[in-house]
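The structure file run_4.txt is reproduced below (compact mmCIF, N, CA and C atoms).
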```
# COMPACT_ATOMS: atom_id res chain seq x y z
N MET A 1 6.12 16.65 -19.21
CA MET A 1 6.26 16.27 -17.82
C MET A 1 6.45 14.74 -17.71
N LYS A 2 7.38 14.32 -16.87
CA LYS A 2 7.67 12.91 -16.69
C LYS A 2 6.53 12.22 -15.93
N THR A 3 6.15 11.04 -16.39
CA THR A 3 5.13 10.26 -15.71
C THR A 3 5.74 9.62 -14.48
N ARG A 4 5.06 9.77 -13.36
CA ARG A 4 5.55 9.21 -12.10
C ARG A 4 5.01 7.80 -11.88
N ILE A 5 5.81 6.99 -11.21
CA ILE A 5 5.39 5.65 -10.83
C ILE A 5 4.90 5.69 -9.39
N PHE A 6 3.76 5.04 -9.16
CA PHE A 6 3.21 4.91 -7.83
C PHE A 6 3.00 3.42 -7.55
N TYR A 7 2.90 3.09 -6.25
CA TYR A 7 2.79 1.70 -5.83
C TYR A 7 1.52 1.48 -5.01
N HIS A 8 0.94 0.30 -5.20
CA HIS A 8 -0.27 -0.10 -4.48
C HIS A 8 -0.08 -1.55 -4.07
N GLY A 9 -0.38 -1.86 -2.82
CA GLY A 9 -0.27 -3.23 -2.34
C GLY A 9 -1.63 -3.87 -2.17
N SER A 10 -1.72 -5.15 -2.52
CA SER A 10 -2.99 -5.87 -2.40
C SER A 10 -2.72 -7.35 -2.15
N PRO A 11 -3.59 -8.01 -1.37
CA PRO A 11 -3.48 -9.45 -1.22
C PRO A 11 -4.08 -10.19 -2.43
N ILE A 12 -4.66 -9.44 -3.37
CA ILE A 12 -5.30 -10.01 -4.55
C ILE A 12 -4.31 -10.02 -5.72
N SER A 13 -4.16 -11.17 -6.35
CA SER A 13 -3.23 -11.29 -7.48
C SER A 13 -3.94 -11.05 -8.81
N LYS A 14 -3.15 -10.82 -9.83
CA LYS A 14 -3.58 -10.75 -11.23
C LYS A 14 -4.53 -9.59 -11.55
N LEU A 15 -4.42 -8.49 -10.84
CA LEU A 15 -5.23 -7.32 -11.18
C LEU A 15 -4.64 -6.66 -12.42
N LYS A 16 -5.48 -6.25 -13.32
CA LYS A 16 -5.04 -5.57 -14.54
C LYS A 16 -5.28 -4.06 -14.45
N ARG A 17 -6.29 -3.67 -13.68
CA ARG A 17 -6.62 -2.27 -13.44
C ARG A 17 -6.90 -2.12 -11.96
N LEU A 18 -6.58 -0.96 -11.42
CA LEU A 18 -6.92 -0.64 -10.05
C LEU A 18 -8.09 0.33 -10.09
N GLU A 19 -9.16 -0.04 -9.40
CA GLU A 19 -10.39 0.75 -9.41
C GLU A 19 -10.57 1.46 -8.07
N PRO A 20 -11.05 2.71 -8.08
CA PRO A 20 -11.30 3.43 -6.82
C PRO A 20 -12.32 2.68 -5.95
N ARG A 21 -12.04 2.65 -4.65
CA ARG A 21 -12.95 2.06 -3.66
C ARG A 21 -13.07 3.01 -2.49
N LEU A 22 -14.17 2.91 -1.77
CA LEU A 22 -14.37 3.76 -0.60
C LEU A 22 -13.59 3.22 0.58
N ASP A 23 -12.75 4.06 1.17
CA ASP A 23 -12.07 3.73 2.42
C ASP A 23 -12.93 4.31 3.53
N THR A 24 -13.60 3.44 4.26
CA THR A 24 -14.53 3.90 5.29
C THR A 24 -13.84 4.60 6.45
N ARG A 25 -12.57 4.29 6.69
CA ARG A 25 -11.84 4.94 7.78
C ARG A 25 -11.55 6.40 7.44
N LEU A 26 -11.22 6.66 6.17
CA LEU A 26 -10.86 8.01 5.75
C LEU A 26 -12.04 8.76 5.12
N GLY A 27 -13.06 8.02 4.71
CA GLY A 27 -14.19 8.64 4.03
C GLY A 27 -13.83 9.13 2.63
N LEU A 28 -12.82 8.51 2.02
CA LEU A 28 -12.36 8.89 0.68
C LEU A 28 -12.53 7.73 -0.28
N LYS A 29 -12.88 8.05 -1.50
CA LYS A 29 -12.96 7.02 -2.54
C LYS A 29 -11.77 7.20 -3.47
N GLY A 30 -11.00 6.15 -3.63
CA GLY A 30 -9.84 6.23 -4.50
C GLY A 30 -9.04 4.94 -4.51
N VAL A 31 -7.98 4.96 -5.28
CA VAL A 31 -6.97 3.90 -5.27
C VAL A 31 -5.83 4.48 -4.44
N PHE A 32 -5.56 3.88 -3.31
CA PHE A 32 -4.55 4.44 -2.41
C PHE A 32 -3.17 3.95 -2.81
N VAL A 33 -2.27 4.90 -3.03
CA VAL A 33 -0.94 4.62 -3.56
C VAL A 33 0.11 5.44 -2.80
N ALA A 34 1.36 5.07 -2.99
CA ALA A 34 2.48 5.81 -2.42
C ALA A 34 3.56 5.92 -3.50
N ASP A 35 4.45 6.89 -3.33
CA ASP A 35 5.52 7.07 -4.31
C ASP A 35 6.76 6.25 -3.98
N GLU A 36 6.70 5.47 -2.90
CA GLU A 36 7.73 4.51 -2.54
C GLU A 36 7.05 3.18 -2.25
N PRO A 37 7.71 2.05 -2.42
CA PRO A 37 7.04 0.76 -2.30
C PRO A 37 6.86 0.22 -0.88
N PHE A 38 7.50 0.79 0.12
CA PHE A 38 7.57 0.17 1.45
C PHE A 38 6.22 -0.01 2.14
N GLY A 39 5.40 1.02 2.19
CA GLY A 39 4.07 0.90 2.79
C GLY A 39 3.19 -0.05 2.01
N PRO A 40 3.09 0.14 0.68
CA PRO A 40 2.28 -0.79 -0.10
C PRO A 40 2.72 -2.25 0.01
N MET A 41 4.00 -2.49 0.24
CA MET A 41 4.45 -3.87 0.43
C MET A 41 3.79 -4.47 1.67
N MET A 42 3.70 -3.67 2.75
CA MET A 42 3.05 -4.16 3.96
C MET A 42 1.55 -4.30 3.73
N PHE A 43 0.92 -3.32 3.08
CA PHE A 43 -0.51 -3.40 2.82
C PHE A 43 -0.85 -4.66 2.03
N ALA A 44 0.05 -5.10 1.17
CA ALA A 44 -0.18 -6.29 0.36
C ALA A 44 -0.33 -7.54 1.22
N LEU A 45 0.25 -7.52 2.40
CA LEU A 45 0.23 -8.69 3.28
C LEU A 45 -0.89 -8.67 4.31
N LEU A 46 -1.63 -7.58 4.39
CA LEU A 46 -2.66 -7.46 5.42
C LEU A 46 -3.95 -8.17 5.02
N PRO A 47 -4.42 -9.10 5.85
CA PRO A 47 -5.67 -9.79 5.53
C PRO A 47 -6.89 -8.90 5.76
N ASN A 48 -6.75 -7.88 6.63
CA ASN A 48 -7.87 -6.98 6.90
C ASN A 48 -7.35 -5.57 7.11
N ARG A 49 -7.18 -4.83 6.02
CA ARG A 49 -6.63 -3.47 6.07
C ARG A 49 -7.48 -2.54 6.92
N ALA A 50 -8.80 -2.68 6.84
CA ALA A 50 -9.70 -1.76 7.54
C ALA A 50 -9.55 -1.81 9.06
N LYS A 51 -9.03 -2.91 9.58
CA LYS A 51 -8.90 -3.05 11.03
C LYS A 51 -7.46 -3.03 11.49
N SER A 52 -6.56 -2.60 10.61
CA SER A 52 -5.13 -2.55 10.93
C SER A 52 -4.64 -1.11 10.94
N THR A 53 -3.58 -0.88 11.70
CA THR A 53 -2.92 0.42 11.73
C THR A 53 -1.52 0.24 11.18
N VAL A 54 -1.15 1.10 10.22
CA VAL A 54 0.17 1.02 9.60
C VAL A 54 0.82 2.40 9.66
N LYS A 55 2.03 2.46 10.19
CA LYS A 55 2.81 3.70 10.24
C LYS A 55 4.23 3.36 9.84
N TYR A 56 4.83 4.25 9.04
CA TYR A 56 6.23 4.00 8.67
C TYR A 56 6.93 5.31 8.30
N VAL A 57 8.26 5.26 8.34
CA VAL A 57 9.10 6.41 8.05
C VAL A 57 10.14 6.00 7.02
N THR A 58 10.35 6.87 6.03
CA THR A 58 11.43 6.68 5.07
C THR A 58 12.29 7.93 5.05
N LYS A 59 13.50 7.79 4.58
CA LYS A 59 14.39 8.94 4.45
C LYS A 59 15.26 8.71 3.22
N LYS A 60 15.24 9.67 2.31
CA LYS A 60 16.01 9.57 1.07
C LYS A 60 15.72 8.27 0.33
N ARG A 61 14.42 7.94 0.26
CA ARG A 61 13.92 6.77 -0.46
C ARG A 61 14.40 5.44 0.13
N LYS A 62 14.74 5.45 1.42
CA LYS A 62 15.12 4.23 2.14
C LYS A 62 14.15 4.04 3.30
N PHE A 63 13.82 2.78 3.59
CA PHE A 63 12.98 2.45 4.72
C PHE A 63 13.76 2.67 6.00
N VAL A 64 13.18 3.41 6.96
CA VAL A 64 13.84 3.67 8.25
C VAL A 64 13.22 2.78 9.33
N GLU A 65 11.89 2.86 9.47
CA GLU A 65 11.19 2.05 10.45
C GLU A 65 9.71 2.02 10.13
N GLY A 66 9.05 1.01 10.66
CA GLY A 66 7.62 0.93 10.46
C GLY A 66 7.01 -0.08 11.41
N TYR A 67 5.72 0.12 11.71
CA TYR A 67 5.03 -0.85 12.53
C TYR A 67 3.61 -1.02 12.02
N VAL A 68 3.07 -2.18 12.32
CA VAL A 68 1.69 -2.47 11.98
C VAL A 68 1.05 -3.15 13.18
N ILE A 69 -0.18 -2.75 13.47
CA ILE A 69 -0.99 -3.40 14.49
C ILE A 69 -2.15 -4.03 13.72
N THR A 70 -2.27 -5.34 13.82
CA THR A 70 -3.25 -6.06 13.01
C THR A 70 -3.96 -7.15 13.80
N PRO A 71 -5.27 -7.33 13.59
CA PRO A 71 -6.00 -8.36 14.33
C PRO A 71 -5.73 -9.78 13.83
N LYS A 72 -5.22 -9.93 12.63
CA LYS A 72 -4.95 -11.25 12.07
C LYS A 72 -3.49 -11.33 11.63
N PRO A 73 -2.91 -12.52 11.62
CA PRO A 73 -1.52 -12.65 11.15
C PRO A 73 -1.38 -12.19 9.70
N LEU A 74 -0.19 -11.73 9.37
CA LEU A 74 0.08 -11.32 7.99
C LEU A 74 -0.04 -12.51 7.05
N ASN A 75 -0.47 -12.23 5.82
CA ASN A 75 -0.45 -13.25 4.78
C ASN A 75 1.00 -13.59 4.45
N LYS A 76 1.24 -14.76 3.91
CA LYS A 76 2.60 -15.16 3.54
C LYS A 76 3.07 -14.46 2.28
N VAL A 77 2.13 -14.14 1.36
CA VAL A 77 2.47 -13.43 0.13
C VAL A 77 1.41 -12.37 -0.17
N GLY A 78 1.82 -11.41 -0.96
CA GLY A 78 0.93 -10.35 -1.44
C GLY A 78 1.47 -9.85 -2.76
N TRP A 79 0.85 -8.78 -3.27
CA TRP A 79 1.20 -8.29 -4.61
C TRP A 79 1.44 -6.80 -4.59
N LEU A 80 2.57 -6.40 -5.16
CA LEU A 80 2.93 -4.99 -5.26
C LEU A 80 2.70 -4.56 -6.71
N TYR A 81 1.77 -3.63 -6.89
CA TYR A 81 1.43 -3.14 -8.22
C TYR A 81 2.07 -1.80 -8.48
N SER A 82 2.57 -1.61 -9.68
CA SER A 82 3.10 -0.32 -10.12
C SER A 82 2.13 0.26 -11.14
N VAL A 83 1.88 1.56 -11.01
CA VAL A 83 0.99 2.25 -11.94
C VAL A 83 1.61 3.58 -12.34
N LYS A 84 1.24 4.06 -13.51
CA LYS A 84 1.66 5.37 -14.00
C LYS A 84 0.39 6.14 -14.35
N PRO A 85 -0.27 6.70 -13.33
CA PRO A 85 -1.57 7.34 -13.56
C PRO A 85 -1.46 8.68 -14.29
N GLU A 86 -2.58 9.08 -14.87
CA GLU A 86 -2.69 10.42 -15.46
C GLU A 86 -2.51 11.44 -14.33
N GLN A 87 -1.78 12.50 -14.60
CA GLN A 87 -1.51 13.54 -13.59
C GLN A 87 -2.80 14.09 -12.97
N ALA A 88 -3.84 14.24 -13.77
CA ALA A 88 -5.09 14.84 -13.32
C ALA A 88 -5.80 14.03 -12.23
N CYS A 89 -5.53 12.74 -12.13
CA CYS A 89 -6.25 11.93 -11.14
C CYS A 89 -5.47 11.72 -9.84
N ILE A 90 -4.28 12.30 -9.72
CA ILE A 90 -3.45 12.13 -8.52
C ILE A 90 -3.80 13.20 -7.49
N VAL A 91 -4.15 12.74 -6.27
CA VAL A 91 -4.46 13.65 -5.17
C VAL A 91 -3.53 13.30 -4.01
N GLU A 92 -2.74 14.28 -3.55
CA GLU A 92 -1.86 14.03 -2.40
C GLU A 92 -2.65 14.29 -1.13
N ARG A 93 -2.79 13.27 -0.28
CA ARG A 93 -3.55 13.44 0.95
C ARG A 93 -2.67 13.79 2.14
N LYS A 94 -1.40 13.40 2.08
CA LYS A 94 -0.36 13.85 3.00
C LYS A 94 0.97 13.52 2.35
N PRO A 95 2.07 14.08 2.80
CA PRO A 95 3.34 13.88 2.09
C PRO A 95 3.67 12.41 1.80
N GLY A 96 3.85 12.11 0.52
CA GLY A 96 4.21 10.77 0.10
C GLY A 96 3.06 9.78 0.04
N ARG A 97 1.85 10.21 0.41
CA ARG A 97 0.67 9.33 0.41
C ARG A 97 -0.38 9.96 -0.51
N TYR A 98 -0.84 9.19 -1.44
CA TYR A 98 -1.73 9.71 -2.47
C TYR A 98 -2.93 8.80 -2.66
N PHE A 99 -3.92 9.34 -3.35
CA PHE A 99 -4.96 8.48 -3.88
C PHE A 99 -5.27 8.94 -5.29
N LEU A 100 -5.73 7.98 -6.07
CA LEU A 100 -6.08 8.25 -7.46
C LEU A 100 -7.61 8.25 -7.52
N ASN A 101 -8.18 9.29 -8.11
CA ASN A 101 -9.64 9.37 -8.14
C ASN A 101 -10.22 8.78 -9.43
N ALA A 102 -9.43 8.01 -10.15
CA ALA A 102 -9.89 7.35 -11.37
C ALA A 102 -9.20 5.99 -11.51
N SER A 103 -9.83 5.12 -12.25
CA SER A 103 -9.26 3.82 -12.55
C SER A 103 -7.91 4.00 -13.26
N THR A 104 -6.98 3.10 -13.00
CA THR A 104 -5.68 3.19 -13.66
C THR A 104 -5.17 1.79 -14.01
N LYS A 105 -4.48 1.70 -15.12
CA LYS A 105 -3.95 0.43 -15.61
C LYS A 105 -2.68 0.05 -14.83
N VAL A 106 -2.57 -1.22 -14.51
CA VAL A 106 -1.37 -1.76 -13.87
C VAL A 106 -0.29 -1.89 -14.93
N VAL A 107 0.92 -1.38 -14.64
CA VAL A 107 2.02 -1.51 -15.59
C VAL A 107 3.01 -2.61 -15.19
N LYS A 108 2.98 -2.96 -13.88
CA LYS A 108 3.89 -4.00 -13.41
C LYS A 108 3.33 -4.56 -12.10
N CYS A 109 3.59 -5.84 -11.87
CA CYS A 109 3.16 -6.48 -10.64
C CYS A 109 4.24 -7.46 -10.22
N ARG A 110 4.50 -7.51 -8.93
CA ARG A 110 5.42 -8.53 -8.44
C ARG A 110 4.96 -9.05 -7.10
N LYS A 111 5.28 -10.31 -6.86
CA LYS A 111 4.92 -10.95 -5.60
C LYS A 111 5.88 -10.43 -4.52
N VAL A 112 5.33 -10.17 -3.33
CA VAL A 112 6.15 -9.84 -2.16
C VAL A 112 5.85 -10.89 -1.10
N THR A 113 6.85 -11.19 -0.31
CA THR A 113 6.67 -12.19 0.73
C THR A 113 6.75 -11.56 2.12
N LYS A 114 6.14 -12.22 3.06
CA LYS A 114 6.19 -11.79 4.46
C LYS A 114 7.65 -11.70 4.92
N GLU A 115 8.43 -12.70 4.56
CA GLU A 115 9.85 -12.74 4.93
C GLU A 115 10.59 -11.51 4.39
N GLU A 116 10.37 -11.18 3.12
CA GLU A 116 11.02 -10.03 2.48
C GLU A 116 10.66 -8.72 3.19
N VAL A 117 9.39 -8.56 3.50
CA VAL A 117 8.91 -7.32 4.12
C VAL A 117 9.43 -7.19 5.56
N LEU A 118 9.39 -8.28 6.31
CA LEU A 118 9.88 -8.22 7.69
C LEU A 118 11.38 -7.98 7.75
N LYS A 119 12.12 -8.42 6.74
CA LYS A 119 13.57 -8.19 6.67
C LYS A 119 13.90 -6.70 6.60
N LEU A 120 12.96 -5.91 6.09
CA LEU A 120 13.17 -4.45 6.04
C LEU A 120 13.24 -3.84 7.43
N GLY A 121 12.62 -4.50 8.42
CA GLY A 121 12.63 -3.99 9.78
C GLY A 121 11.25 -3.64 10.33
N TRP A 122 10.19 -4.04 9.65
CA TRP A 122 8.83 -3.79 10.14
C TRP A 122 8.62 -4.51 11.46
N LYS A 123 7.90 -3.87 12.39
CA LYS A 123 7.49 -4.48 13.65
C LYS A 123 5.99 -4.77 13.53
N VAL A 124 5.60 -5.98 13.89
CA VAL A 124 4.20 -6.39 13.78
C VAL A 124 3.68 -6.72 15.18
N THR A 125 2.57 -6.08 15.55
CA THR A 125 1.96 -6.29 16.84
C THR A 125 0.53 -6.81 16.66
N PRO A 126 0.19 -7.90 17.29
CA PRO A 126 -1.19 -8.38 17.20
C PRO A 126 -2.12 -7.42 17.95
N LYS A 127 -3.27 -7.18 17.37
CA LYS A 127 -4.28 -6.33 18.00
C LYS A 127 -5.15 -7.24 18.86
N THR A 128 -5.30 -6.89 20.13
CA THR A 128 -6.11 -7.71 21.01
C THR A 128 -7.57 -7.27 20.93
N PRO A 129 -8.48 -8.23 20.92
CA PRO A 129 -9.91 -7.88 20.86
C PRO A 129 -10.33 -7.09 22.09
N LYS A 130 -11.30 -6.20 21.89
CA LYS A 130 -11.81 -5.39 23.02
C LYS A 130 -12.87 -6.13 23.76
```
Just give me the structure as structure tokens.
Amino acid sequence: MKTRIFYHGSPISKLKRLEPRLDTRLGLKGVFVADEPFGPMMFALLPNRAKSTVKYVTKKRKFVEGYVITPKPLNKVGWLYSVKPEQACIVERKPGRYFLNASTKVVKCRKVTKEEVLKLGWKVTPKTPK
């Protein structure tokens, strides 16, 4: 069976392994990944993922549209990590969105910029305090 590549975005640079963490919004512990880079590219720029909303659509592996509602401005740079996890640790939580229930080694990392991500067509809306 061919090993699949998954993507994870983070504002933290130089990670060598991605470790499962608890997502308090979903109540799941894992490394959250996608099989396309577009969402993780945006997640890489978020200063506070837990308080942001991210939605996007792709078609035939192309970015169609996406929006983010965030309480803080996007970071200028972030990091897109590529991983090739063991098949046994991949859990699909909804189409195209996965989490890994075990630590996984980073196979590639590249810097992404706010300018690059916004050029794709993402819409960013500031979240107003309640």
Give me, as CSV, the closest atom pair and its distance (Å, one decimal) for every residue of stretch 5-50 of chain A within a cut-off of 6.5 Å of stretch 69-91 of chain A, counting only N, CA and C atoms, rows sorted by chain and rising number.
```
residue,atom,partner,partner_atom,distance
A:Ile5,CA,A:Val83,C,4.6
A:Phe6,C,A:Val83,N,4.1
A:Tyr7,CA,A:Tyr81,C,4.4
A:His8,C,A:Tyr81,N,4.0
A:Gly9,CA,A:Trp79,C,4.6
A:Ser10,C,A:Trp79,N,4.0
A:Pro11,CA,A:Gly78,CA,4.5
A:Ile12,N,A:Trp79,N,5.6
A:Ser13,CA,A:Trp79,CA,6.1
A:Pro40,C,A:Leu80,CA,5.9
A:Met41,CA,A:Leu80,CA,6.0
A:Ala44,C,A:Gly78,CA,4.1
A:Leu45,C,A:Asn75,N,3.9
A:Leu46,N,A:Asn75,N,5.0
A:Pro47,N,A:Asn75,N,5.0
```
Env of A:Tyr67: 5 Å cut, atoms = all atoms listed in the file, seq-sep filter 3 positions within chain, self excluded. Answer as a PyMOL selection string. chain A and resi 54-56+123
For A:Arg21, which of A:Val57, A:Trp122, A:Ser103, A:Val112 is the closest residue, counting only C-alpha atoms?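 Closest residue, counting only C-alpha atoms: A:Ser103.
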Find the distance between atom N of A:Leu15 and atom N of A:Pro126 and write it in Å to one decimal. 28.5 Å
